[in-house]
Amino acid sequence: MRPINKYIIVKQIKEELKTSSGLLLSADDANQFRYKKAEIIKKGENVNNMNAKDIIYYDKAAGHEILLKDEPHTIILERDVVVVL
């Protein structure tokens, strides 16, 4: 599978979230954050400044989930990426 134009295939990274005082946040609390963390699996030919295996944060409302080799992945647009680590 190869994304086209400005599309990116990402795999979500599950994070264990802690407050500065060391308290673990529940999954419900984590869902209130605006952005999700993911790894880029493949990128379209017109995507700039990002590469496969880059870790990114993207808008949680963006994209559509698909199954690739029985694993959930998300397809997003380049404009939905807010941070590249």
# chains A, B, ... in the order shown; residues from 1 in each chain; ligands from 1

$ closest_atom_pairs --of "stretch 2-40 of chain A" --to "stretch 56-69 of chain A" --cutoff "6 Å" --atoms "only C-alpha atoms" --output "Markdown table"
| residue | atom | partner | partner_atom | distance |
| --- | --- | --- | --- | --- |
| A:Arg34 | CA | A:Lys60 | CA | 5.9 |
| A:Tyr35 | CA | A:Asp59 | CA | 4.7 |
| A:Lys36 | CA | A:Tyr57 | CA | 5.3 |
| A:Lys37 | CA | A:Tyr57 | CA | 4.5 |
| A:Ala38 | CA | A:Ile56 | CA | 5.4 |

$ select_by_dssp --residues "chain A" --states "alpha helix (DSSP H)" --output "ChimeraX atom specification"
/A:27-30

$ atom_distance --atom1 "atom CA of A:Ser21" --atom2 "atom CA of A:Phe33"
18.3 Å

$ select_by_dssp --residues "chain A" --states "strand (DSSP E or B)" --output "MDAnalysis selection string"
chainID A and resid 7:12 18 24 35:43 55:59 64:68 71:77 81:84

$ atom_distance --atom1 "atom CA of A:Thr74" --atom2 "atom CA of A:Leu24"
26.0 Å

$ closest_residue --among "A:Leu25, A:Val82, A:Ile13, A:Ile8" --to "A:Asn51" --atoms "only C-alpha atoms"
A:Ile8

$ residues_around --residues "A:Tyr7" --least-positions-apart "6" --cutoff "10 Å" --atoms "only C-alpha atoms" --output "PyMOL selection string"
chain A and resi 42-47+63+75-80
